[in-house]
>>> print(open('work-v6.txt').read())   # compact mmCIF, C-alpha atoms
# COMPACT_ATOMS: atom_id res chain seq x y z
CA GLU A 29 34.61 -21.15 -1.81
CA GLY A 30 34.03 -18.96 1.21
CA VAL A 31 32.59 -16.16 -0.93
CA ASN A 32 29.82 -18.46 -2.19
CA LYS A 33 28.60 -18.92 1.38
CA PHE A 34 28.51 -15.20 2.05
CA TYR A 35 25.32 -13.64 3.41
CA HIS A 36 24.45 -10.18 4.66
CA ALA A 37 22.55 -9.51 7.88
CA SER A 38 21.22 -6.09 8.79
CA PHE A 39 18.22 -4.46 10.40
CA MET A 40 17.78 -2.56 7.15
CA TRP A 41 16.36 -5.73 5.56
CA TRP A 42 13.56 -5.68 8.11
CA TYR A 43 12.82 -2.08 7.23
CA TRP A 44 12.93 -2.89 3.52
CA ASP A 45 10.55 -5.82 3.93
CA GLY A 46 8.18 -3.68 6.00
CA SER A 47 8.23 -0.94 3.37
CA VAL A 48 7.47 -3.43 0.60
CA GLN A 49 4.58 -4.93 2.54
CA MET A 50 3.15 -1.50 3.37
CA THR A 51 3.36 -0.47 -0.27
CA LYS A 52 1.55 -3.64 -1.34
CA THR A 53 -1.07 -3.14 1.36
CA ALA A 54 -1.66 0.49 0.41
CA THR A 55 -2.02 -0.40 -3.27
CA GLY A 56 -4.25 -3.36 -2.53
CA SER A 57 -6.48 -1.38 -0.19
CA GLY A 58 -6.89 1.30 -2.85
CA LEU A 59 -7.93 -1.25 -5.45
CA ILE A 60 -10.27 -2.96 -2.99
CA THR A 61 -11.86 0.39 -2.19
CA LEU A 62 -12.43 1.14 -5.85
CA GLY A 63 -13.94 -2.30 -6.33
CA PHE A 64 -16.32 -2.08 -3.37
CA ALA A 65 -17.25 1.51 -4.20
CA SER A 66 -18.11 0.38 -7.73
CA LEU A 67 -20.28 -2.42 -6.35
CA VAL A 68 -22.09 -0.01 -4.04
CA VAL A 69 -22.69 2.48 -6.84
CA ILE A 70 -23.87 -0.07 -9.38
CA SER A 71 -26.18 -1.73 -6.85
CA SER A 72 -27.71 1.59 -5.80
CA SER A 73 -27.78 3.41 -9.14
CA LYS A 74 -28.18 0.39 -11.45
CA SER A 75 -26.21 2.30 -14.08
CA LEU A 76 -22.88 1.40 -15.66
CA VAL A 77 -22.23 5.00 -16.72
CA LEU A 78 -22.68 6.37 -13.20
CA THR A 79 -20.49 3.58 -11.85
CA LEU A 80 -17.72 4.44 -14.30
CA VAL A 81 -17.93 8.17 -13.54
CA SER A 82 -17.92 7.52 -9.79
CA THR A 83 -14.91 5.22 -10.04
CA VAL A 84 -12.97 7.78 -12.08
CA THR A 85 -13.80 10.51 -9.55
CA ILE A 86 -12.76 8.41 -6.56
CA PHE A 87 -9.54 7.45 -8.34
CA PHE A 88 -8.84 11.15 -8.92
CA ILE A 89 -9.27 11.87 -5.20
CA LEU A 90 -6.88 9.06 -4.25
CA VAL A 91 -4.22 10.08 -6.76
CA ALA A 92 -4.45 13.81 -6.04
CA SER A 93 -4.32 13.34 -2.27
CA SER A 94 -1.40 10.91 -2.47
CA ALA A 95 0.50 13.20 -4.82
CA THR A 96 -0.03 16.15 -2.47
CA LEU A 97 1.27 14.19 0.51
CA VAL A 98 4.31 13.09 -1.47
CA GLY A 99 4.84 16.72 -2.48
CA LEU A 100 4.84 17.64 1.21
CA GLY A 101 7.78 15.29 1.68
CA TRP A 102 5.96 12.34 3.20
CA GLU A 103 7.35 8.82 2.96
CA LEU A 104 5.31 5.68 3.45
CA GLY A 105 5.68 4.49 7.03
CA PHE A 106 3.51 2.90 9.68
CA LEU A 107 1.69 6.11 10.57
CA GLU A 108 1.29 7.06 6.93
CA SER A 109 -0.15 3.65 6.04
CA ILE A 110 -2.78 3.97 8.78
CA CYS A 111 -3.66 7.47 7.59
CA PHE A 112 -3.81 6.24 4.00
CA SER A 113 -6.46 3.68 4.89
CA ILE A 114 -8.55 6.51 6.35
CA LEU A 115 -7.98 8.56 3.20
CA ILE A 116 -9.41 5.76 1.08
CA GLY A 117 -12.61 5.56 3.09
CA ILE A 118 -13.28 9.30 3.07
CA SER A 119 -12.73 9.66 -0.67
CA CYS A 120 -15.85 7.61 -1.51
CA ASP A 121 -18.40 9.38 0.66
CA PHE A 122 -19.38 12.53 -1.23
CA VAL A 123 -19.37 10.89 -4.65
CA ILE A 124 -21.80 8.16 -3.61
CA HIS A 125 -24.17 10.76 -2.12
CA PHE A 126 -24.20 12.73 -5.37
CA CYS A 127 -24.75 9.54 -7.35
CA HIS A 128 -27.78 8.67 -5.23
CA ALA A 129 -29.23 12.16 -5.70
CA TYR A 130 -28.65 12.03 -9.47
CA LYS A 131 -30.72 8.85 -9.69
CA HIS A 132 -33.61 10.35 -7.69
CA PHE A 133 -35.87 11.11 -10.68
CA GLU A 134 -37.64 8.21 -12.36
CA GLY A 135 -38.15 7.96 -16.09
CA ASN A 136 -36.53 10.00 -18.86
CA VAL A 137 -35.12 13.19 -17.31
CA ASP A 138 -32.37 15.30 -18.86
CA SER A 139 -28.91 14.84 -17.38
CA GLN A 140 -28.51 18.58 -16.77
CA LEU A 141 -31.67 18.64 -14.68
CA ARG A 142 -30.52 15.60 -12.76
CA ALA A 143 -27.09 17.14 -12.10
CA ARG A 144 -28.66 20.42 -10.99
CA PHE A 145 -31.00 18.59 -8.64
CA ALA A 146 -28.07 16.62 -7.17
CA VAL A 147 -26.17 19.83 -6.42
CA VAL A 148 -29.17 21.66 -4.98
CA ASP A 149 -30.51 18.73 -2.97
CA MET A 150 -27.31 17.13 -1.70
CA GLY A 151 -24.83 20.01 -1.98
CA PRO A 152 -25.68 21.79 1.31
CA SER A 153 -25.43 18.57 3.30
CA ILE A 154 -22.08 17.71 1.75
CA PHE A 155 -20.77 21.22 2.38
CA ALA A 156 -21.87 21.01 6.02
CA ALA A 157 -20.18 17.64 6.46
CA ALA A 158 -17.02 18.95 4.80
CA ALA A 159 -17.00 22.08 6.98
CA THR A 160 -17.20 20.12 10.23
CA THR A 161 -14.52 17.69 9.06
CA ILE A 162 -12.20 20.52 8.01
CA ALA A 163 -12.72 22.19 11.40
CA ALA A 164 -11.78 18.99 13.22
CA ALA A 165 -8.76 18.41 10.97
CA SER A 166 -7.56 21.99 11.46
CA VAL A 167 -7.57 21.55 15.23
CA MET A 168 -5.48 18.37 14.96
CA LEU A 169 -2.80 20.20 12.99
CA PHE A 170 -1.70 21.91 16.21
CA CYS A 171 -1.27 18.69 18.18
CA THR A 172 2.15 17.69 19.47
CA THR A 173 1.67 13.97 18.87
CA PRO A 174 2.94 13.08 15.36
CA PHE A 175 0.10 10.69 14.62
CA PHE A 176 -2.61 13.30 15.21
CA THR A 177 -0.72 15.85 13.14
CA LYS A 178 -0.40 13.45 10.23
CA PHE A 179 -3.98 12.31 10.64
CA GLY A 180 -5.21 15.90 10.54
CA THR A 181 -3.14 16.61 7.45
CA VAL A 182 -4.47 13.56 5.61
CA LEU A 183 -8.02 14.39 6.63
CA LEU A 184 -7.72 18.01 5.52
CA VAL A 185 -6.13 17.19 2.16
CA THR A 186 -8.61 14.43 1.42
CA ILE A 187 -11.67 16.52 2.25
CA ILE A 188 -10.46 19.40 0.08
CA TYR A 189 -9.92 17.13 -2.90
CA ALA A 190 -13.17 15.29 -2.23
CA ILE A 191 -15.07 18.59 -2.41
CA ILE A 192 -13.27 19.60 -5.61
CA ALA A 193 -13.81 16.21 -7.22
CA SER A 194 -17.45 15.90 -6.17
CA PHE A 195 -18.63 19.38 -7.09
CA ILE A 196 -16.50 19.85 -10.20
CA VAL A 197 -15.25 16.57 -11.66
CA TYR A 198 -18.25 14.37 -10.89
CA ILE A 199 -20.97 16.94 -11.58
CA VAL A 200 -19.37 18.04 -14.85
CA LEU A 201 -18.98 14.45 -16.04
CA VAL A 202 -22.56 13.45 -15.24
CA ASP A 203 -23.82 16.71 -16.74
CA LEU A 204 -22.03 15.93 -20.01
CA PHE A 205 -22.22 12.14 -20.18
CA GLY A 206 -24.81 11.18 -17.58
CA PRO A 207 -27.72 8.98 -18.71
CA ALA A 208 -31.21 10.43 -18.93
CA GLU A 209 -32.56 7.07 -17.74
CA PRO A 210 -29.94 5.59 -15.40
CA THR A 211 -31.85 2.38 -14.71
CA LYS A 212 -33.08 1.74 -18.26
CA MET A 213 -30.74 -1.16 -19.01
CA PHE A 214 -31.36 -2.77 -15.64
CA ASP A 215 -35.13 -2.38 -16.00
CA LEU A 216 -35.09 -3.97 -19.45
CA CYS A 217 -33.06 -6.92 -18.21
CA TRP A 218 -35.31 -7.32 -15.19
CA LYS A 219 -38.45 -7.22 -17.33
CA ARG A 220 -37.03 -9.90 -19.60
CA ILE A 221 -36.24 -12.11 -16.62
CA VAL A 222 -39.72 -11.61 -15.14
CA ARG A 223 -41.38 -12.18 -18.53
CA LYS A 224 -39.39 -15.36 -19.03
CA LYS A 225 -40.48 -16.65 -15.63
CA GLU A 226 -44.10 -15.78 -16.40
CA ASP A 227 -43.90 -17.63 -19.73
CA GLU A 228 -42.44 -20.65 -17.97
CA GLU A 229 -45.28 -20.56 -15.44
CA ILE A 230 -47.86 -20.37 -18.25
CA VAL A 231 -46.29 -23.33 -20.06
CA LYS A 232 -46.16 -25.28 -16.81
CA ASN A 233 -49.81 -24.56 -16.04
CA ASP A 234 -50.85 -25.53 -19.58
CA SER A 235 -48.91 -28.78 -19.30
CA SER A 236 -50.53 -29.64 -15.98
CA LEU A 237 -53.98 -28.81 -17.41
CA VAL A 238 -53.42 -31.08 -20.40
CA ALA A 239 -52.16 -33.85 -18.14
CA SER A 240 -55.23 -33.58 -15.89
CA THR A 241 -57.76 -33.66 -18.77
CA ARG A 242 -56.14 -36.56 -20.62
CA PRO A 243 -57.39 -39.39 -18.26
CA SER A 244 -61.02 -38.23 -18.55
CA MET A 245 -60.76 -38.26 -22.33
CA ILE A 246 -59.36 -41.79 -22.22
CA ARG A 247 -62.23 -42.98 -19.99
CA ARG A 248 -64.85 -41.46 -22.30
CA SER A 249 -63.34 -43.11 -25.38
CA SER A 250 -63.24 -46.52 -23.67
CA VAL A 251 -66.89 -46.24 -22.61
CA LYS A 252 -67.87 -45.32 -26.15
CA ARG A 253 -66.07 -48.35 -27.58
CA THR A 254 -67.61 -50.72 -25.01
CA TYR A 255 -71.25 -49.62 -24.98
CA GLY A 256 -71.51 -47.75 -28.22
CA PHE A 257 -72.54 -44.41 -26.67
CA ASP A 258 -70.93 -41.47 -24.90
>>> encode(input="work-v6.txt", output="structure tokens")
Amino acid sequence: EGVNKFYHASFMWWYWDGSVQMTKTATGSGLITLGFASLVVISSSKSLVLTLVSTVTIFFILVASSATLVGLGWELGFLESICFSILIGISCDFVIHFCHAYKHFEGNVDSQLRARFAVVDMGPSIFAAAATTIAAASVMLFCTTPFFTKFGTVLLVTIIYAIIASFIVYIVLVDLFGPAEPTKMFDLCWKRIVRKKEDEEIVKNDSSLVASTRPSMIRRSSVKRTYGFD
């Protein structure tokens, strides 16, 4: 009878609950980031293919960076969870810039030309941003405060994988599978919506015109019946 009322109390349960919550938060924040990044890409590029390629590339950055940190012996703690949220934000930046540059041309333009233009037009800016970020992260590696050391490590690893994913994974995918007309489907849907509204306006105007001319026709017919002339 006493065994049935047994319970265990330990500070380890607090640590376990905190670890579970941090794991859920990290996973949820990653999924939220992918979702919002997809919304940003599809709203700016108006292309499902570019959205899919961008999401795959961002997912690669998240997985590769997390795997590298685990390989370095990291365990998920309070400092790591804060750094992980920063990792998620940085992983989207370069990909979205390349996606915007790929969509720059209007009309039917070959995907290879679009990919080449994205690299030439946006590549130097991305390299410059990556260089300054790597320089800042390298300085933080020599800090004595653990948070700044971990933050610098996360920043350095994420930027390296973001460069690799943006210049290799993303560019190769859009070069092979990128659409020649990224906004074609959106433009067709928009034209149909606009055309439908125009047709509705025409029908509405015709109906109002018929309604306005009907009373005059009735008056003319009544005058003809009464007096025998128009």
>>> atom_distance(input="work-v6.txt", atom1="CA of Ala95 (chain A)", atom2="CA of Ala156 (chain A)")
26.1 Å
>>> closest_residue(input="work-v6.txt", among="A:Thr173, A:Asp203, A:Ala193, A:Val182", to="Leu141 (chain A)", atoms="all atoms listed in the file")
A:Asp203
>>> atom_distance(input="work-v6.txt", atom1="CA of Ile60 (chain A)", atom2="CA of Ser139 (chain A)")
29.5 Å
>>> closest_residue(input="work-v6.txt", among="A:Thr172, A:Thr85, A:Ser72, A:Gln140", to="Ser194 (chain A)", atoms="all atoms listed in the file")
A:Thr85
>>> atom_distance(input="work-v6.txt", atom1="CA of Ala208 (chain A)", atom2="CA of Thr83 (chain A)")
19.3 Å
>>> residues_near_point(input="work-v6.txt", point="(-10.6, 24.1, 8.0)", cutoff="12 Å", atoms="all atoms listed in the file", output="PyMOL selection string")
chain A and resi 155-169+180-181+183-188
>>> closest_residue(input="work-v6.txt", among="A:Thr96, A:Ser57, A:Ser109, A:Ser71", to="His128 (chain A)", atoms="all atoms listed in the file")
A:Ser71
>>> residues_around(input="work-v6.txt", residues="Val69 (chain A)", least_positions_apart="4", cutoff="12 Å", atoms="only C-alpha atoms", output="PyMOL selection string")
chain A and resi 61-65+73-83+86+120-131+210
